[in-house]
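Student: Contents of model.cif (mmCIF, C-alpha atoms) are below:
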```
data_work
loop_
_atom_site.label_atom_id
_atom_site.label_comp_id
_atom_site.auth_asym_id
_atom_site.auth_seq_id
_atom_site.Cartn_x
_atom_site.Cartn_y
_atom_site.Cartn_z
CA MET A 206 82.61 -99.79 54.97
CA SER A 207 80.01 -97.28 56.21
CA LYS A 208 80.06 -98.83 59.70
CA GLU A 209 83.84 -98.63 59.84
CA LYS A 210 83.78 -95.00 58.69
CA LEU A 211 81.11 -94.17 61.29
CA LYS A 212 83.17 -95.83 64.01
CA SER A 213 86.26 -93.88 62.92
CA LEU A 214 84.38 -90.57 63.06
CA ARG A 215 82.98 -91.36 66.50
CA ASN A 216 86.43 -92.23 67.76
CA LYS A 217 87.66 -88.86 66.56
CA ILE A 218 84.77 -87.16 68.36
CA ASP A 219 85.66 -89.05 71.55
CA SER A 220 89.26 -87.86 71.22
CA VAL A 221 88.13 -84.24 70.79
CA ASP A 222 85.80 -84.58 73.80
CA GLU A 223 88.68 -85.75 75.99
CA LYS A 224 90.76 -82.73 74.97
CA LEU A 225 87.80 -80.42 75.53
CA LEU A 226 87.30 -81.83 79.03
CA GLN A 227 90.94 -81.23 79.89
CA LEU A 228 90.73 -77.64 78.65
CA ILE A 229 87.45 -77.04 80.49
CA GLN A 230 88.98 -78.30 83.73
CA ARG A 231 92.01 -76.09 83.15
CA ARG A 232 89.79 -73.05 82.55
CA GLY A 233 87.80 -73.86 85.69
CA SER A 234 91.02 -74.09 87.73
CA LEU A 235 92.15 -70.68 86.47
CA ALA A 236 88.72 -69.18 87.17
CA LYS A 237 88.85 -70.51 90.73
CA LYS A 238 92.25 -68.85 91.24
CA VAL A 239 90.79 -65.58 89.93
CA GLY A 240 87.95 -65.96 92.44
CA ASP A 241 90.42 -66.50 95.30
CA LEU A 242 92.23 -63.28 94.35
CA LYS A 243 88.93 -61.37 94.16
CA LYS A 244 88.05 -62.54 97.67
CA ILE A 245 91.23 -60.86 98.92
CA THR A 246 90.90 -57.61 96.97
CA THR A 247 87.11 -57.21 97.19
CA PRO A 248 85.87 -59.58 99.92
CA LYS A 249 82.26 -58.37 99.72
CA GLY A 250 82.17 -57.68 96.00
CA LEU A 251 80.23 -59.53 93.31
CA PHE A 252 82.41 -61.78 91.17
CA TYR A 253 80.31 -61.13 88.05
CA LYS A 254 82.11 -58.72 85.69
CA PRO A 255 79.90 -57.82 82.69
CA ALA A 256 82.64 -55.83 80.93
CA ARG A 257 85.10 -58.72 81.10
CA GLU A 258 82.46 -61.22 79.93
CA ALA A 259 81.44 -58.97 77.01
CA GLU A 260 85.04 -58.66 75.84
CA ILE A 261 85.57 -62.45 76.05
CA LEU A 262 82.48 -63.16 73.97
CA ARG A 263 83.27 -60.47 71.40
CA LYS A 264 86.79 -61.82 70.98
CA ILE A 265 85.51 -65.39 70.54
CA ILE A 266 82.89 -64.34 67.98
CA LYS A 267 85.52 -62.37 66.07
CA LEU A 268 87.71 -65.50 65.91
CA ASN A 269 84.83 -67.70 64.75
CA ASP A 270 84.84 -68.19 60.98
CA GLY A 271 81.33 -69.65 61.05
CA SER A 272 82.31 -72.44 58.67
CA VAL A 273 80.50 -75.05 60.78
CA MET A 274 79.18 -73.51 64.01
CA PRO A 275 77.36 -70.14 63.64
CA ASP A 276 78.03 -67.24 66.01
CA ASN A 277 74.84 -67.67 68.05
CA LYS A 278 75.66 -71.32 68.82
CA VAL A 279 79.26 -70.51 69.73
CA ARG A 280 78.04 -67.69 71.94
CA GLN A 281 75.58 -69.99 73.72
CA ILE A 282 78.27 -72.60 74.39
CA PHE A 283 80.68 -70.05 75.83
CA LYS A 284 77.93 -68.44 77.90
CA GLU A 285 77.38 -71.78 79.61
CA LEU A 286 81.12 -72.30 80.07
CA ILE A 287 81.55 -68.84 81.60
CA SER A 288 78.52 -69.44 83.85
CA ALA A 289 79.93 -72.75 85.12
CA CYS A 290 83.35 -71.22 85.79
CA LEU A 291 81.82 -68.21 87.54
CA SER A 292 79.94 -70.55 89.87
CA LEU A 293 83.33 -71.88 91.04
CA GLU A 294 84.18 -68.35 92.21
CA GLY A 295 80.94 -67.91 94.17
CA ASP A 296 77.14 -68.05 94.03
CA MET A 297 75.18 -65.49 92.04
CA LYS A 298 71.45 -65.15 92.66
CA VAL A 299 69.35 -63.49 89.98
CA SER A 300 65.74 -62.41 90.53
CA TYR A 301 63.51 -62.12 87.47
CA LEU A 302 59.87 -61.50 86.65
CA GLY A 303 58.32 -64.93 87.12
CA PRO A 304 56.88 -67.39 87.32
CA ALA A 305 59.12 -70.05 85.81
CA GLY A 306 58.33 -70.92 82.22
CA THR A 307 58.06 -67.33 80.96
CA HIS A 308 60.16 -65.45 78.40
CA SER A 309 61.83 -63.68 81.33
CA GLU A 310 63.21 -67.02 82.50
CA ALA A 311 64.43 -67.76 78.97
CA ALA A 312 66.21 -64.38 78.89
CA ALA A 313 67.79 -65.02 82.30
CA LEU A 314 69.07 -68.44 81.20
CA MET A 315 70.38 -67.04 77.92
CA HIS A 316 72.29 -64.22 79.63
CA PHE A 317 73.54 -65.84 82.84
CA GLY A 318 73.71 -69.53 81.91
CA SER A 319 72.23 -72.40 83.89
CA SER A 320 74.79 -72.28 86.73
CA ALA A 321 73.33 -69.10 88.22
CA ILE A 322 70.73 -69.33 91.00
CA PHE A 323 67.38 -68.06 89.71
CA ASP A 324 64.63 -66.53 91.82
CA PRO A 325 61.27 -65.90 90.08
CA ARG A 326 59.29 -63.01 91.59
CA SER A 327 55.66 -62.02 91.24
CA SER A 328 56.20 -58.44 90.02
CA ILE A 329 58.77 -56.07 88.56
CA GLU A 330 58.64 -54.04 91.78
CA ASP A 331 59.48 -57.19 93.73
CA VAL A 332 62.52 -57.84 91.51
CA PHE A 333 63.86 -54.35 92.29
CA GLN A 334 63.12 -54.85 95.98
CA GLN A 335 65.04 -58.14 96.18
CA VAL A 336 68.14 -56.53 94.68
CA GLU A 337 67.85 -53.35 96.76
CA VAL A 338 67.77 -55.25 100.07
CA GLY A 339 70.59 -57.57 99.02
CA GLU A 340 68.56 -60.76 98.79
CA SER A 341 69.65 -61.13 95.15
CA SER A 342 72.87 -60.11 93.44
CA LEU A 343 71.13 -58.92 90.28
CA GLY A 344 67.68 -58.58 88.74
CA LEU A 345 66.30 -59.02 85.25
CA VAL A 346 63.22 -57.14 84.02
CA PRO A 347 61.56 -56.49 80.62
CA VAL A 348 61.71 -52.88 79.43
CA GLU A 349 60.28 -52.84 75.89
CA ASN A 350 58.86 -55.02 73.14
CA SER A 351 59.25 -54.26 69.45
CA SER A 352 55.51 -54.60 68.75
CA GLU A 353 53.84 -53.76 72.08
CA GLY A 354 56.10 -50.90 73.21
CA VAL A 355 57.60 -49.88 76.54
CA VAL A 356 56.99 -51.53 79.94
CA ASN A 357 55.89 -48.56 82.08
CA THR A 358 56.41 -50.31 85.41
CA THR A 359 60.10 -50.86 84.68
CA LEU A 360 60.62 -47.18 83.80
CA ASN A 361 58.83 -46.11 86.99
CA CYS A 362 61.00 -48.43 89.09
CA LEU A 363 64.16 -47.12 87.44
CA ALA A 364 63.08 -43.57 88.26
CA ASP A 365 62.35 -44.44 91.91
CA SER A 366 65.29 -46.78 92.60
CA THR A 367 68.98 -46.17 93.25
CA LEU A 368 69.91 -49.31 91.31
CA SER A 369 71.75 -49.08 87.99
CA ILE A 370 71.38 -50.82 84.66
CA CYS A 371 74.22 -53.34 84.40
CA GLY A 372 73.38 -55.03 81.10
CA GLU A 373 70.80 -55.68 78.42
CA ILE A 374 69.44 -58.74 76.62
CA TYR A 375 67.50 -58.87 73.36
CA LEU A 376 65.36 -62.00 73.22
CA PRO A 377 63.53 -62.99 70.02
CA ILE A 378 59.97 -63.71 71.14
CA HIS A 379 58.22 -66.70 69.64
CA HIS A 380 54.72 -67.66 70.75
CA HIS A 381 53.39 -71.19 70.35
CA LEU A 382 49.84 -72.53 70.47
CA ALA A 383 49.44 -75.39 72.91
CA SER A 384 47.03 -77.35 75.09
CA SER A 385 47.21 -80.06 77.73
CA LYS A 386 46.70 -82.77 75.08
CA LYS A 387 45.91 -83.04 71.38
CA ILE A 388 42.46 -81.62 70.60
CA ASN A 389 40.61 -80.34 67.54
CA LEU A 390 41.15 -76.59 67.42
CA VAL A 391 37.51 -76.02 66.42
CA ASP A 392 36.43 -77.57 69.73
CA ALA A 393 38.41 -75.10 71.84
CA LYS A 394 36.32 -72.39 73.52
CA ILE A 395 39.02 -70.37 75.31
CA ILE A 396 42.54 -69.22 74.50
CA ALA A 397 44.59 -67.98 77.47
CA SER A 398 47.79 -65.99 77.85
CA HIS A 399 49.30 -62.74 79.10
CA PRO A 400 47.59 -59.73 77.44
CA GLN A 401 50.81 -58.79 75.60
CA ALA A 402 51.14 -62.29 74.16
CA LEU A 403 47.50 -62.27 73.04
CA GLY A 404 48.06 -58.85 71.48
CA GLN A 405 51.21 -59.98 69.66
CA CYS A 406 49.26 -62.91 68.15
CA GLY A 407 45.96 -61.08 67.63
CA LYS A 408 45.83 -61.28 63.84
CA TRP A 409 46.71 -64.98 63.81
CA ILE A 410 44.03 -65.73 66.40
CA ASP A 411 41.40 -63.76 64.44
CA ALA A 412 42.27 -65.61 61.22
CA HIS A 413 42.52 -69.16 62.59
CA LEU A 414 40.32 -69.13 65.72
CA PRO A 415 37.50 -66.66 64.93
CA GLY A 416 35.12 -66.05 67.81
CA ILE A 417 37.21 -67.81 70.46
CA LYS A 418 37.09 -66.25 73.92
CA ARG A 419 40.36 -64.68 75.07
CA LYS A 420 41.33 -65.13 78.72
CA ALA A 421 43.99 -62.77 80.12
CA THR A 422 46.38 -64.23 82.68
CA SER A 423 49.17 -62.63 84.73
CA SER A 424 51.80 -64.55 82.74
CA SER A 425 52.11 -67.08 79.93
CA ALA A 426 53.18 -69.63 82.56
CA GLU A 427 49.88 -69.13 84.38
CA ALA A 428 48.14 -69.68 81.03
CA ALA A 429 50.06 -72.94 80.63
CA GLN A 430 48.89 -74.10 84.05
CA PHE A 431 45.31 -73.04 83.26
CA ALA A 432 45.37 -75.06 80.03
CA LYS A 433 46.85 -78.00 81.92
CA ASP A 434 43.88 -77.93 84.29
CA ASN A 435 41.30 -77.32 81.53
CA PRO A 436 41.78 -79.79 78.65
CA ALA A 437 39.55 -77.94 76.19
CA THR A 438 41.53 -74.71 76.57
CA LEU A 439 44.30 -73.42 74.30
CA CYS A 440 47.17 -71.27 75.48
CA VAL A 441 49.82 -69.05 73.89
CA VAL A 442 53.13 -69.84 75.57
CA SER A 443 56.89 -70.10 75.16
CA SER A 444 58.80 -73.26 74.28
CA VAL A 445 60.13 -73.25 77.85
CA ALA A 446 56.57 -73.47 79.21
CA ILE A 447 55.66 -76.26 76.77
CA ASP A 448 58.57 -78.33 78.04
CA GLN A 449 58.02 -77.48 81.69
CA TYR A 450 54.26 -78.15 81.71
CA LYS A 451 54.45 -81.02 79.19
CA LEU A 452 51.91 -79.49 76.82
CA TYR A 453 50.92 -80.57 73.34
CA GLU A 454 52.16 -78.10 70.73
CA HIS A 455 49.66 -77.33 67.95
CA ARG A 456 51.44 -74.52 66.08
CA LYS A 457 54.84 -72.87 66.27
CA ASN A 458 55.60 -69.16 65.94
CA ILE A 459 52.09 -67.72 65.70
CA GLU A 460 53.21 -64.15 66.48
CA ASP A 461 52.02 -61.55 63.95
CA PHE A 462 55.46 -60.00 63.48
CA LYS A 463 58.33 -62.42 62.89
CA ASP A 464 60.97 -59.97 64.16
CA ASN A 465 59.18 -59.68 67.51
CA THR A 466 61.84 -58.94 70.15
CA THR A 467 61.81 -58.02 73.83
CA ARG A 468 64.60 -56.07 75.46
CA PHE A 469 65.43 -56.96 79.06
CA LEU A 470 67.57 -55.01 81.52
CA VAL A 471 69.94 -56.37 84.16
CA ILE A 472 69.76 -54.24 87.31
CA GLY A 473 72.14 -54.08 90.26
CA SER A 474 74.63 -51.96 92.17
CA LEU A 475 77.59 -52.60 89.87
CA LYS A 476 79.57 -49.85 88.20
CA ILE A 477 80.58 -51.26 84.82
CA GLU A 478 83.94 -50.47 83.24
CA ALA A 479 84.08 -49.20 79.67
CA THR A 480 84.38 -51.72 76.84
CA ALA A 481 84.85 -51.32 73.10
CA LYS A 482 81.10 -50.87 72.60
CA ASP A 483 78.87 -49.51 75.35
CA LYS A 484 75.48 -47.96 75.93
CA SER A 485 74.49 -45.46 78.63
CA SER A 486 71.04 -44.67 79.99
CA PHE A 487 69.96 -41.42 81.63
CA LEU A 488 66.87 -39.99 83.27
CA VAL A 489 66.51 -36.33 82.30
CA GLN A 490 63.90 -34.09 83.90
CA THR A 491 63.08 -30.78 82.19
CA ALA A 492 60.49 -28.07 82.58
CA ASN A 493 57.34 -28.65 80.56
CA LYS A 494 57.93 -25.90 78.00
CA PRO A 495 58.17 -25.50 74.21
CA GLY A 496 61.58 -26.53 72.87
CA ALA A 497 62.50 -28.72 75.87
CA LEU A 498 63.13 -31.76 73.68
CA VAL A 499 65.26 -29.72 71.24
CA GLU A 500 67.42 -28.46 74.13
CA LEU A 501 67.86 -32.05 75.29
CA LEU A 502 68.96 -33.33 71.89
CA GLN A 503 71.36 -30.54 70.89
CA PRO A 504 74.33 -31.42 73.15
CA PHE A 505 74.36 -34.96 71.75
CA GLN A 506 73.84 -33.89 68.14
CA GLN A 507 76.71 -31.39 68.36
CA ARG A 508 79.09 -34.19 69.40
CA ASN A 509 77.72 -36.78 66.98
CA ILE A 510 76.54 -39.01 69.84
CA ASN A 511 73.83 -41.37 68.65
CA LEU A 512 70.62 -41.73 70.68
CA ASN A 513 69.27 -45.29 70.56
CA ARG A 514 66.02 -44.57 72.35
CA ILE A 515 64.08 -41.73 73.94
CA GLU A 516 60.93 -42.18 76.01
CA THR A 517 58.86 -39.27 77.33
CA ARG A 518 56.38 -39.16 80.16
CA PRO A 519 55.07 -36.59 82.68
CA SER A 520 57.06 -36.50 85.91
CA ARG A 521 55.33 -38.12 88.86
CA GLN A 522 57.25 -35.84 91.26
CA SER A 523 56.51 -32.49 89.59
CA THR A 524 53.40 -31.58 87.61
CA GLY A 525 55.32 -28.92 85.67
CA SER A 526 58.08 -31.24 84.47
CA HIS A 527 58.65 -34.05 81.99
CA ASN A 528 60.88 -37.10 82.34
CA PHE A 529 62.94 -38.28 79.39
CA PHE A 530 64.47 -41.76 79.49
CA ILE A 531 67.30 -41.84 76.95
CA ASP A 532 69.78 -44.45 75.76
CA ILE A 533 72.92 -43.27 73.99
CA GLU A 534 75.93 -44.94 72.41
CA GLY A 535 79.06 -44.67 74.55
CA HIS A 536 80.13 -44.94 78.18
CA GLN A 537 79.24 -42.20 80.66
CA ASN A 538 82.96 -41.77 81.47
CA ASN A 539 83.73 -40.90 77.85
CA SER A 540 84.85 -37.27 77.58
CA GLN A 541 82.38 -36.43 74.81
CA VAL A 542 79.50 -37.91 76.80
CA LYS A 543 80.60 -36.01 79.91
CA GLN A 544 80.63 -32.73 77.99
CA ALA A 545 77.19 -33.39 76.53
CA ILE A 546 75.75 -34.08 79.99
CA SER A 547 77.43 -30.95 81.35
CA ASP A 548 75.87 -28.83 78.60
CA LEU A 549 72.50 -30.43 79.26
CA LYS A 550 72.68 -29.58 82.96
CA ALA A 551 73.59 -26.00 82.03
CA THR A 552 70.13 -25.63 80.45
CA GLY A 553 68.59 -26.25 83.88
CA ALA A 554 67.74 -29.90 83.27
CA SER A 555 68.14 -32.47 86.03
CA VAL A 556 70.20 -35.44 84.80
CA ARG A 557 70.68 -38.78 86.57
CA SER A 558 72.75 -41.63 85.19
CA LEU A 559 70.91 -44.96 85.11
CA GLY A 560 74.10 -46.82 84.23
CA SER A 561 76.58 -47.65 81.49
CA TYR A 562 76.90 -51.23 80.26
CA PRO A 563 78.14 -53.33 77.31
CA THR A 564 75.95 -53.16 74.24
CA GLU A 565 74.28 -56.49 73.51
CA SER A 566 75.19 -57.47 69.96
#
```
Output the file's structure as structure tokens, nothing else.

Tutor:
Amino acid sequence: MSKEKLKSLRNKIDSVDEKLLQLIQRRGSLAKKVGDLKKITTPKGLFYKPAREAEILRKIIKLNDGSVMPDNKVRQIFKELISACLSLEGDMKVSYLGPAGTHSEAAALMHFGSSAIFDPRSSIEDVFQQVEVGESSLGLVPVENSSEGVVNTTLNCLADSTLSICGEIYLPIHHHLASSKKINLVDAKIIASHPQALGQCGKWIDAHLPGIKRKATSSSAEAAQFAKDNPATLCVVSSVAIDQYKLYEHRKNIEDFKDNTTRFLVIGSLKIEATAKDKSSFLVQTANKPGALVELLQPFQQRNINLNRIETRPSRQSTGSHNFFIDIEGHQNNSQVKQAISDLKATGASVRSLGSYPTES
């Protein structure tokens, strides 16, 4: 009886798969027609529309009752479907901070799906450069980590570049202990990884591998390769690197803080339309004087505009000024946001929009 029941269930799955295939092909056909229309209206434009994609995903998640498939799984499935359909409209090349096998690659795959063309670069500056010269459609760079703080290079590049922020990704960061093959941990002499990864796992390493020598590498992927070439070496890497370099996994999730998250930014030349839930980023330069921060905050406070983040640093262009990188809730075309920016400029501050984009939920 159990075999017959199993066969019946599998037959039902096969029937659902056939219907899914038909619907996927139908969606792909419609996406291709949309692409053909875009080629006429904007022949040199990028087919990728973050606002439209955000609204699709939000609508799908709202419809999902979660009785069987949770929101994150549904979102992942539809991300891949959207990516595949978008590839029928045209190619999209995305540069990211490489090499392959890093958390940056995982963030790029999560946000753009596997149908995009990915281009790992050696530095954050190089990612910006590839997008600025038109070699890539978009770029993806880390901007802050919940335990290690802001990525200064990304903020400097945003200040120097004319590119805009087109999106954001929050990636839960999990670090795993691995080596080229199974070894006794007490026999390991070196543990290698990117300095941030070693820092995020510092307490675990002190408790379980006291006295081991730490080796800093330019990326966790480089650490994976180093461990591959040195069998008695441990490395702290991502699950992507373990799969790619075929490493032996000793321990999962050795990060000190379990809510460890990195925020990534999508950069490009797109101007994003407003959606139901947006975020805007600005670079504000003010004179280095008492009360400068209060003057900056007041226009937003008066209009009940929430600030998600504010980062301060001395201006590299003027010794008597400070730069404030701020993220606020709302689109820059919103009337309340416009008024707040106008009031801020009236104080003598220099304000440059870094972009408005859908909030990643």

Student: Evaluate the PyMOL selection byres ((chain A and resi 486-503) around 6) on the structure here and hand back the selected residues as number ranges by chain.

Tutor: A: 485, 504-507, 525-532, 554-560

Student: If you measure from CA of Phe469 in chain A to CA of Ala446 in chain A, what distance in Å do you get, rounded to one decimal?

Tutor: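 Here the two named atoms are 18.7 Å from each other.
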
Student: Determine, counting only C-alpha atoms, every residue of protein, DNA or RNA that lies within 9 Å of (76.7, -53.2, 91.8) in the file coordinates, then give the result as a list of chain:residue names.

Tutor: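 In the file's frame, the residues around the point are A:Gly250, A:Leu251, A:Ser342, A:Leu343, A:Leu368, A:Ser369, A:Cys371, A:Ile472, A:Gly473, A:Ser474, A:Leu475, A:Lys476, A:Ile477.
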
Student: Kindly provide, as a PyMOL selection string, the polymer residues lying within 12 Å of (50.2, -63.2, 72.3), counting all atoms listed in the file and using the coordinates exactly as they appear in the file.

Tutor: chain A and resi 308+350+352-353+378-382+396-411+419-422+424-425+428+439-443+458-462+465

Student: If the PyMOL selection byres ((chain A and resi 300-304) around 10) is run on the structure shown, which residues does it catch, given as JSON, numbers by chain?

Tutor: {"A": [298, 299, 305, 306, 307, 308, 309, 310, 312, 313, 322, 323, 324, 325, 326, 327, 328, 329, 330, 331, 332, 333, 334, 335, 336, 340, 341, 342, 343, 344, 345, 346, 347, 423, 424, 425, 426, 427, 471, 472]}

Student: What separation in Å, quoted to one decimal, exists between CA of Ile265 in chain A and CA of Glu565 in chain A?

Tutor: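 Result for CA of Ile265 in chain A versus CA of Glu565 in chain A: 14.6 Å, one decimal.
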
Student: How many Å lie between CA of Tyr375 in chain A and CA of Lys451 in chain A, rounded to one decimal?

Tutor: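 Straight-line distance from CA of Tyr375 in chain A to CA of Lys451 in chain A works out to 26.4 Å.
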
Student: Find the spatial neighbours of Thr564 in chain A, counting only C-alpha atoms, within a cut-off of 7 Å - ignore same-chain residues fewer than 3 positions away - and output them as a ChimeraX atom specification.

Tutor: /A:482-484

Student: Keeping only C-alpha atoms, take the residues you just selected and write them out as a short mmCIF file (atom, residue, chain, number, x, y, z; two decimals), in the coordinates of the input.

Tutor:
```cif
data_model
loop_
_atom_site.label_atom_id
_atom_site.label_comp_id
_atom_site.auth_asym_id
_atom_site.auth_seq_id
_atom_site.Cartn_x
_atom_site.Cartn_y
_atom_site.Cartn_z
CA LYS A 482 81.10 -50.87 72.60
CA ASP A 483 78.87 -49.51 75.35
CA LYS A 484 75.48 -47.96 75.93
#
```

Student: Given all atoms listed in the file as the basis, pick out the residue of A:Lys212, A:Arg232, A:Lys237, A:His316 nearest to Leu470 in chain A.

Tutor: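 Using all atoms listed in the file, the shortest distance to Leu470 in chain A belongs to A:His316.
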
Student: Got a sec to resolve the PyMOL selection byres ((chain A and resi 389) around 12) on this structure and send the residues as a PDB file with C-alpha atoms, keeping the file's coordinate frame?

Tutor:
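Written file, selection-v2.pdb:
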```
ATOM      1  CA  ALA A 383      49.440 -75.390  72.910  1.00  0.00           C
ATOM      2  CA  SER A 384      47.030 -77.350  75.090  1.00  0.00           C
ATOM      3  CA  LYS A 386      46.700 -82.770  75.080  1.00  0.00           C
ATOM      4  CA  LYS A 387      45.910 -83.040  71.380  1.00  0.00           C
ATOM      5  CA  ILE A 388      42.460 -81.620  70.600  1.00  0.00           C
ATOM      6  CA  LEU A 390      41.150 -76.590  67.420  1.00  0.00           C
ATOM      7  CA  VAL A 391      37.510 -76.020  66.420  1.00  0.00           C
ATOM      8  CA  ASP A 392      36.430 -77.570  69.730  1.00  0.00           C
ATOM      9  CA  ALA A 393      38.410 -75.100  71.840  1.00  0.00           C
ATOM     10  CA  LYS A 394      36.320 -72.390  73.520  1.00  0.00           C
ATOM     11  CA  LEU A 414      40.320 -69.130  65.720  1.00  0.00           C
ATOM     12  CA  PRO A 436      41.780 -79.790  78.650  1.00  0.00           C
ATOM     13  CA  ALA A 437      39.550 -77.940  76.190  1.00  0.00           C
ATOM     14  CA  THR A 438      41.530 -74.710  76.570  1.00  0.00           C
ATOM     15  CA  LEU A 439      44.300 -73.420  74.300  1.00  0.00           C
ATOM     16  CA  TYR A 453      50.920 -80.570  73.340  1.00  0.00           C
ATOM     17  CA  HIS A 455      49.660 -77.330  67.950  1.00  0.00           C
TER      18      HIS A 455
END
```

Student: Mind giving me the axis-aligned box for range 219-224 of chain A with 6 Å on every side, centre plus edges in Å to one decimal, as JSON?

Tutor:
```
{"center_x": 88.2, "center_y": -85.9, "center_z": 73.4, "size_x": 17.1, "size_y": 18.3, "size_z": 17.2}
```

Student: Within 7 Å of Ser292 in chain A, counting all atoms listed in the file, which residues show up once you throw out same-chain ones fewer than 3 positions away? Write them as a PyMOL selection string, please.

Tutor: chain A and resi 288-289+295-296+320-321

Student: Take the residues from that selection and put them in a file with C-alpha atoms, as a compact mmCIF listing (two decimals), keeping the file's coordinate frame.

Tutor:
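Now in result_38.txt:
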```txt
# COMPACT_ATOMS: atom_id res chain seq x y z
CA SER A 288 78.52 -69.44 83.85
CA ALA A 289 79.93 -72.75 85.12
CA GLY A 295 80.94 -67.91 94.17
CA ASP A 296 77.14 -68.05 94.03
CA SER A 320 74.79 -72.28 86.73
CA ALA A 321 73.33 -69.10 88.22
```

Student: Restricting the calculation to only C-alpha atoms: of A:Ala311, A:Val348, A:Ile510, A:Leu214, which residue gets closest to Thr467 in chain A?

Tutor: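 Of A:Ala311, A:Val348, A:Ile510, A:Leu214, the one nearest Thr467 in chain A, counting only C-alpha atoms, is A:Val348.
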
Student: Name the closest residue to Ala256 in chain A among the candidates A:Thr552, A:Thr480, A:Ser540, A:Ser561; distances are taken between atoms, counting all atoms listed in the file.

Tutor: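 The shortest atom-to-atom distance to Ala256 in chain A comes from A:Thr480.
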
Student: Using only C-alpha atoms, pick whichever of A:Pro415, A:Glu209, A:Lys550, A:Leu291 has the shortest atom-to-atom distance to Phe252 in chain A.

Tutor: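 Ranking A:Pro415, A:Glu209, A:Lys550, A:Leu291 by distance to Phe252 in chain A, first place goes to A:Leu291.
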
Student: Calculated over only C-alpha atoms, which of the candidates A:Ala432, A:Leu314, A:Leu286, A:Met274 has the smallest distance to Gln230 in chain A?

Tutor: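 Checking each candidate against Gln230 in chain A, we get A:Leu286 as the closest.
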
Student: From the set A:Leu225, A:Ile287, A:Val542, A:Ile266, which residue has the shortest atom-to-atom contact distance to Asn509 in chain A, counting only C-alpha atoms?

Tutor: A:Val542
